[in-house]
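Asker: Please read through the structure below; I'll follow up with questions.
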Amino acid sequence: MRHLLNPLDFSVEEIDRLLDLAVDIEHNLPKYAHVCEGKKIATLFYEPSTRTRLSFESAMLSLGGSVLGFSSADSSSAAKGESVADTIRIISCYADICAMRHPKEGAPLVAANNSSIPVINAGDGGHQHPTQTLTDLMTIRSLKGRLDHMTVGLCGDLKFGRTVHSLINALVRYPGIRFILISPPELRVPGYIRKDVLNAKGIEYKEVWNLDEAMPELDILYMTRVQRERFFNEEDYIRLKDSYILDRAKMKLAKDDMFVLHPLPRVNEISVEVDKDPRAAYFKQVQYGVYVRMALIMTLLEVEKPC
């Protein structure tokens, strides 16, 4: 039995196989419609989510399985004080696989250590979000035809953004990756990411404040929102929330084959006028997320690919 708690839980070769399966699902959806009949996924979401929770549910339903779970801690026994360890022991009696989102870093690891079914980390605090990373990798590979030798700009909340942390960890395993980290000083990438990941692996990167100056260099621009829920005071959030707004004028500075990704939801960091630009890929990203999660569910449940 395997879990997915961190993007590094899968080797590069395993990720490539999973993405190949997701691409086959994309192009042959009907043949996968019954491969998980009789299987159930539990979605345990202790904090709000639209895309991730519904994406997991859509993925399992598209595979012919069924769904149970809760969408907030208030609607679970956590409101009565039940521990994550006890909750997963109970859920293991009801479901075949579990996707968990929790505001506390490490909660999915606690679940995995007490579970008799595969556990998927669907986001834990500001730590990791591995299935979003798999979605990002599929999106980049589908649009650019590769996952190596490119310059990736990460813009916005790089301090609390778990999607950013996960993506950096995943991409540094591919050759020729260079990062431009675009943020105000208060929202820089955490020191441990710089020291233990970027510097330790000799990855080329630079930290800048100005998005306009970075745009011409980028092959991928990964925008993120400034997350109100991660701030300790409202004043800091209000001061930083509009640090970067991607609009048509900034897009004119970019390469013709540069693509914009965003884990969503957006607030106002991408103007709606950018949505019509063919380089805007964030809604394609959402669809790729369903295919990736279908492939992941099949992989962790050891369901064979249909002929």
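If you're wondering about the labels, chains in the structure tokens are A, B, ... by order shown, residues count from 1 in each chain, ligands from 1 in order shown.
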Near Val189 of chain A, within 9 Å and counting only C-alpha atoms, which residues show up once chain neighbours fewer than 2 positions away are dropped, as number ranges by chain?

Answerer: A: 157-161, 164-165, 181, 183, 187, 191-194, 207

Asker: Can you pull out the residues contacting Arg2 of chain A? Cut-off 9 Å, using only C-alpha atoms, and skip same-chain residues under 5 positions away; I want them as a list in words.

Answerer: Ile117, Pro118, Val119, Leu300 and Leu301 of chain A

Asker: How would the residues just chosen look if you wrote them out with all heavy atoms as a PDB file, in the first residue's frame?

Answerer:
ATOM      1  N   ILE A 117      -5.825   2.223   4.417  1.00  0.00           N
ATOM      2  CA  ILE A 117      -6.110   2.509   3.010  1.00  0.00           C
ATOM      3  C   ILE A 117      -5.144   3.596   2.539  1.00  0.00           C
ATOM      4  O   ILE A 117      -4.590   4.337   3.364  1.00  0.00           O
ATOM      5  CB  ILE A 117      -7.575   2.967   2.797  1.00  0.00           C
ATOM      6  CG1 ILE A 117      -7.871   4.253   3.590  1.00  0.00           C
ATOM      7  CG2 ILE A 117      -8.555   1.853   3.170  1.00  0.00           C
ATOM      8  CD1 ILE A 117      -9.253   4.847   3.323  1.00  0.00           C
ATOM      9  N   PRO A 118      -4.913   3.735   1.224  1.00  0.00           N
ATOM     10  CA  PRO A 118      -4.033   4.786   0.726  1.00  0.00           C
ATOM     11  C   PRO A 118      -4.567   6.180   1.082  1.00  0.00           C
ATOM     12  O   PRO A 118      -5.772   6.436   0.980  1.00  0.00           O
ATOM     13  CB  PRO A 118      -4.036   4.579  -0.789  1.00  0.00           C
ATOM     14  CG  PRO A 118      -4.419   3.148  -0.978  1.00  0.00           C
ATOM     15  CD  PRO A 118      -5.379   2.842   0.136  1.00  0.00           C
ATOM     16  N   VAL A 119      -3.663   7.064   1.504  1.00  0.00           N
ATOM     17  CA  VAL A 119      -4.006   8.448   1.837  1.00  0.00           C
ATOM     18  C   VAL A 119      -3.327   9.377   0.844  1.00  0.00           C
ATOM     19  O   VAL A 119      -2.124   9.257   0.575  1.00  0.00           O
ATOM     20  CB  VAL A 119      -3.563   8.801   3.270  1.00  0.00           C
ATOM     21  CG1 VAL A 119      -3.760  10.292   3.546  1.00  0.00           C
ATOM     22  CG2 VAL A 119      -4.328   7.964   4.285  1.00  0.00           C
ATOM     23  N   LEU A 300      -2.744   4.147  -7.098  1.00  0.00           N
ATOM     24  CA  LEU A 300      -2.682   3.792  -5.681  1.00  0.00           C
ATOM     25  C   LEU A 300      -3.564   2.591  -5.342  1.00  0.00           C
ATOM     26  O   LEU A 300      -3.260   1.832  -4.415  1.00  0.00           O
ATOM     27  CB  LEU A 300      -3.070   5.003  -4.818  1.00  0.00           C
ATOM     28  CG  LEU A 300      -2.086   6.177  -4.855  1.00  0.00           C
ATOM     29  CD1 LEU A 300      -2.585   7.318  -3.969  1.00  0.00           C
ATOM     30  CD2 LEU A 300      -0.687   5.771  -4.428  1.00  0.00           C
ATOM     31  N   LEU A 301      -4.645   2.419  -6.093  1.00  0.00           N
ATOM     32  CA  LEU A 301      -5.509   1.254  -5.889  1.00  0.00           C
ATOM     33  C   LEU A 301      -5.046   0.054  -6.687  1.00  0.00           C
ATOM     34  O   LEU A 301      -5.674  -1.016  -6.623  1.00  0.00           O
ATOM     35  CB  LEU A 301      -6.958   1.591  -6.245  1.00  0.00           C
ATOM     36  CG  LEU A 301      -7.703   2.541  -5.300  1.00  0.00           C
ATOM     37  CD1 LEU A 301      -9.102   2.833  -5.821  1.00  0.00           C
ATOM     38  CD2 LEU A 301      -7.762   1.972  -3.891  1.00  0.00           C
TER      39      LEU A 301
END

Asker: One decimal, in Å: what's the spacing between atom CA of Lys255 of chain A and atom CA of Asn199 of chain A?

Answerer: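 Separation between atom CA of Lys255 of chain A and atom CA of Asn199 of chain A: 27.8 Å.
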
Asker: Determine the nearest neighbour of Val110 of chain A from the options A:Leu253, A:Met298, A:Ala42, A:Leu5, counting only C-alpha atoms.

Answerer: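 Of A:Leu253, A:Met298, A:Ala42, A:Leu5, the one nearest Val110 of chain A, counting only C-alpha atoms, is A:Leu5.
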
Asker: Enumerate as a VMD selection string all residues of segment 98-153 of chain A assigned to alpha helix (DSSP H) by DSSP on the backbone, naming them with the chain letters and numbers the document uses.

Answerer: chain A and resid 107 to 113 130 to 144

Asker: Smallest atom-to-atom distance to Val35 of chain A: which of A:Arg17, A:Leu61, A:Leu246, A:Val12, using only C-alpha atoms?

Answerer: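 Selected residue with least distance to Val35 of chain A: A:Leu61.
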
Asker: Taking into account only C-alpha atoms, which residue in the set A:Val67, A:Met294, A:Met150, A:Ala95 is nearest to Leu218 of chain A?

Answerer: A:Met150

Asker: Compare A:Ala111, A:Leu261, A:Met251, A:Val286 by their minimum atom-to-atom distance to Val274 of chain A, counting only C-alpha atoms, and give me the closest one.

Answerer: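 Once distances to Val274 of chain A are computed over only C-alpha atoms, the minimum belongs to A:Met251.
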